[in-house]
Amino acid sequence: MLVDTAVMTGTRAASPAVVPETIVIDHGKIYVSEHLTSVCQRMGISIQPVRLRTGRDKGPVERFFRTLRESLLQALPGYKGPDIHSRGQNPETDAFFFLDELEAIVREWVATVYHCKPHSSLVDPHLPTLKMSPAQMFEHGVARAGYIEAPRDPGLAYEFLPTRWRTIQHYGVEIDGRRYNRSARCSQAVREPDQPLHRQGQRSLADSG
């Protein structure tokens, strides 16, 4: 355990959570893909590309990556660092984490450390000398403006899955040697025959063996 989560009480450990109106992206392949742009279009999120070779256009996220690296990642086994001078003596022999394990560690650190540490850029104009953490700033904003509970779509995660086009056969559809048959969840995954569509991961799996 990296931090003592027992000292965290209330909802502050998991908040704040926000719905983005705009995402700022560089020109990496995954960020300009049809998959990402179509998801943002369906969810009403605009995309703002940064200028080429202009790091200051995404300065806040670069600063966050530095904080994440210096405050958390470099203390983990197997850390290789951004360059050869930051590597350990033999990181390949250290223990390593699977992606889901690393994601859980980062999420815990964000909720219990990053969100609770004062940031110099978080300032209330009426209290300019008061330093607040992201969690405190979130609570302060909710206290002033109120909190709106937006309806949550139980199928929201499906919007982020890649689309695979397949013709529907009598047995269902086949992807990567696996057959997906019609089930109770099929209405979320497969349209009628005149609109053949299957999104991988949305169906119960019937392995063809």
# chains A, B, ... in the order shown; residues from 1 in each chain; ligands from 1

$ select_by_dssp --residues "range 9-190 of chain A" --states "strand (DSSP E)" --output "list in words"
Thr22, Ile23, Val24, Ile25, Ser46, Ile47, Gln48, Pro49, Thr163, Arg164, Val173, Glu174, Ile175, Arg178, Arg179 and Tyr180 of chain A

$ write_last_selection --atoms "C-alpha atoms" --output "short mmCIF file (atom, residue, chain, number, x, y, z; two decimals), in the first residue's frame"
data_model
loop_
_atom_site.label_atom_id
_atom_site.label_comp_id
_atom_site.auth_asym_id
_atom_site.auth_seq_id
_atom_site.Cartn_x
_atom_site.Cartn_y
_atom_site.Cartn_z
CA THR A 22 -13.16 20.05 -24.70
CA ILE A 23 -10.09 17.84 -24.78
CA VAL A 24 -6.69 19.13 -25.89
CA ILE A 25 -4.69 16.60 -27.89
CA SER A 46 -14.95 19.16 -28.88
CA ILE A 47 -11.33 18.39 -29.80
CA GLN A 48 -8.64 21.07 -29.77
CA PRO A 49 -5.33 20.01 -31.36
CA THR A 163 -16.19 -0.76 -33.75
CA ARG A 164 -15.82 -4.00 -35.71
CA VAL A 173 -20.87 -12.93 -35.50
CA GLU A 174 -17.24 -14.01 -35.39
CA ILE A 175 -14.24 -11.91 -34.30
CA ARG A 178 -14.51 -16.33 -31.33
CA ARG A 179 -18.23 -16.47 -31.95
CA TYR A 180 -20.65 -14.11 -30.25
#

$ select_by_dssp --residues "range 31-151 of chain A" --states "alpha helix (DSSP H)" --output "JSON, numbers by chain"
{"A": [34, 35, 36, 37, 38, 39, 40, 41, 42, 43, 59, 60, 61, 62, 63, 64, 65, 66, 67, 68, 69, 70, 71, 99, 100, 101, 102, 103, 104, 105, 106, 107, 108, 109, 110, 111, 112, 134, 135, 136, 137, 138, 139, 140, 141, 142, 143, 144, 145]}

$ closest_residue --among "A:Lys131, A:Arg107, A:His35, A:Arg69" --to "Leu161 in chain A" --atoms "only C-alpha atoms"
A:His35

$ atom_distance --atom1 "CA of Pro154 in chain A" --atom2 "CA of Glu108 in chain A"
23.7 Å

$ atom_distance --atom1 "CA of Ala150 in chain A" --atom2 "CA of Ile45 in chain A"
15.6 Å

$ closest_residue --among "A:Val110, A:Leu76, A:His27, A:Asp176" --to "Ala95 in chain A" --atoms "only C-alpha atoms"
A:Leu76

$ residues_around --residues "Glu34 in chain A" --least-positions-apart "5" --cutoff "12 Å" --atoms "only C-alpha atoms" --output "PyMOL selection string"
chain A and resi 29+39-41+160-163

$ closest_residue --among "A:Val50, A:Met132, A:Ala143, A:Leu73" --to "Val32 in chain A" --atoms "only C-alpha atoms"
A:Val50

$ closest_residue --among "A:Leu36, A:Glu70, A:Gly146, A:Asp26" --to "Gly55 in chain A" --atoms "only C-alpha atoms"
A:Asp26

$ decode --residues "range 108-124 of chain A" --atoms "N, CA and C atoms" --output "PDB file, in the first residue's frame"
ATOM      1  N   GLU A 108      -5.283   5.627  -7.074  1.00  0.00           N
ATOM      2  CA  GLU A 108      -5.217   5.784  -5.621  1.00  0.00           C
ATOM      3  C   GLU A 108      -4.369   6.986  -5.249  1.00  0.00           C
ATOM      4  N   TRP A 109      -3.245   7.152  -5.930  1.00  0.00           N
ATOM      5  CA  TRP A 109      -2.361   8.286  -5.655  1.00  0.00           C
ATOM      6  C   TRP A 109      -3.050   9.609  -5.978  1.00  0.00           C
ATOM      7  N   VAL A 110      -3.753   9.663  -7.092  1.00  0.00           N
ATOM      8  CA  VAL A 110      -4.466  10.889  -7.458  1.00  0.00           C
ATOM      9  C   VAL A 110      -5.505  11.244  -6.418  1.00  0.00           C
ATOM     10  N   ALA A 111      -6.279  10.243  -5.963  1.00  0.00           N
ATOM     11  CA  ALA A 111      -7.372  10.499  -5.027  1.00  0.00           C
ATOM     12  C   ALA A 111      -6.880  10.853  -3.633  1.00  0.00           C
ATOM     13  N   THR A 112      -5.818  10.207  -3.177  1.00  0.00           N
ATOM     14  CA  THR A 112      -5.418  10.370  -1.779  1.00  0.00           C
ATOM     15  C   THR A 112      -4.220  11.291  -1.576  1.00  0.00           C
ATOM     16  N   VAL A 113      -3.501  11.606  -2.652  1.00  0.00           N
ATOM     17  CA  VAL A 113      -2.329  12.478  -2.527  1.00  0.00           C
ATOM     18  C   VAL A 113      -2.489  13.731  -3.376  1.00  0.00           C
ATOM     19  N   TYR A 114      -2.597  13.547  -4.688  1.00  0.00           N
ATOM     20  CA  TYR A 114      -2.624  14.693  -5.597  1.00  0.00           C
ATOM     21  C   TYR A 114      -3.815  15.609  -5.334  1.00  0.00           C
ATOM     22  N   HIS A 115      -4.986  15.047  -5.155  1.00  0.00           N
ATOM     23  CA  HIS A 115      -6.181  15.858  -4.919  1.00  0.00           C
ATOM     24  C   HIS A 115      -6.182  16.521  -3.538  1.00  0.00           C
ATOM     25  N   CYS A 116      -5.310  16.084  -2.662  1.00  0.00           N
ATOM     26  CA  CYS A 116      -5.303  16.622  -1.293  1.00  0.00           C
ATOM     27  C   CYS A 116      -4.109  17.535  -1.026  1.00  0.00           C
ATOM     28  N   LYS A 117      -3.280  17.775  -2.035  1.00  0.00           N
ATOM     29  CA  LYS A 117      -2.099  18.614  -1.875  1.00  0.00           C
ATOM     30  C   LYS A 117      -2.385  20.006  -2.430  1.00  0.00           C
ATOM     31  N   PRO A 118      -2.090  21.078  -1.666  1.00  0.00           N
ATOM     32  CA  PRO A 118      -2.348  22.447  -2.164  1.00  0.00           C
ATOM     33  C   PRO A 118      -1.597  22.738  -3.461  1.00  0.00           C
ATOM     34  N   HIS A 119      -2.275  23.443  -4.366  1.00  0.00           N
ATOM     35  CA  HIS A 119      -1.692  23.839  -5.640  1.00  0.00           C
ATOM     36  C   HIS A 119      -1.647  25.359  -5.696  1.00  0.00           C
ATOM     37  N   SER A 120      -0.515  25.899  -6.092  1.00  0.00           N
ATOM     38  CA  SER A 120      -0.366  27.353  -6.138  1.00  0.00           C
ATOM     39  C   SER A 120      -1.278  27.995  -7.171  1.00  0.00           C
ATOM     40  N   SER A 121      -1.696  27.247  -8.187  1.00  0.00           N
ATOM     41  CA  SER A 121      -2.537  27.816  -9.238  1.00  0.00           C
ATOM     42  C   SER A 121      -4.016  27.815  -8.890  1.00  0.00           C
ATOM     43  N   LEU A 122      -4.399  27.159  -7.802  1.00  0.00           N
ATOM     44  CA  LEU A 122      -5.807  27.122  -7.396  1.00  0.00           C
ATOM     45  C   LEU A 122      -6.059  28.249  -6.398  1.00  0.00           C
ATOM     46  N   VAL A 123      -6.643  29.335  -6.881  1.00  0.00           N
ATOM     47  CA  VAL A 123      -6.810  30.538  -6.065  1.00  0.00           C
ATOM     48  C   VAL A 123      -8.231  31.058  -6.213  1.00  0.00           C
ATOM     49  N   ASP A 124      -8.835  31.412  -5.092  1.00  0.00           N
ATOM     50  CA  ASP A 124     -10.107  32.112  -5.082  1.00  0.00           C
ATOM     51  C   ASP A 124      -9.804  33.608  -5.099  1.00  0.00           C
TER      52      ASP A 124
END
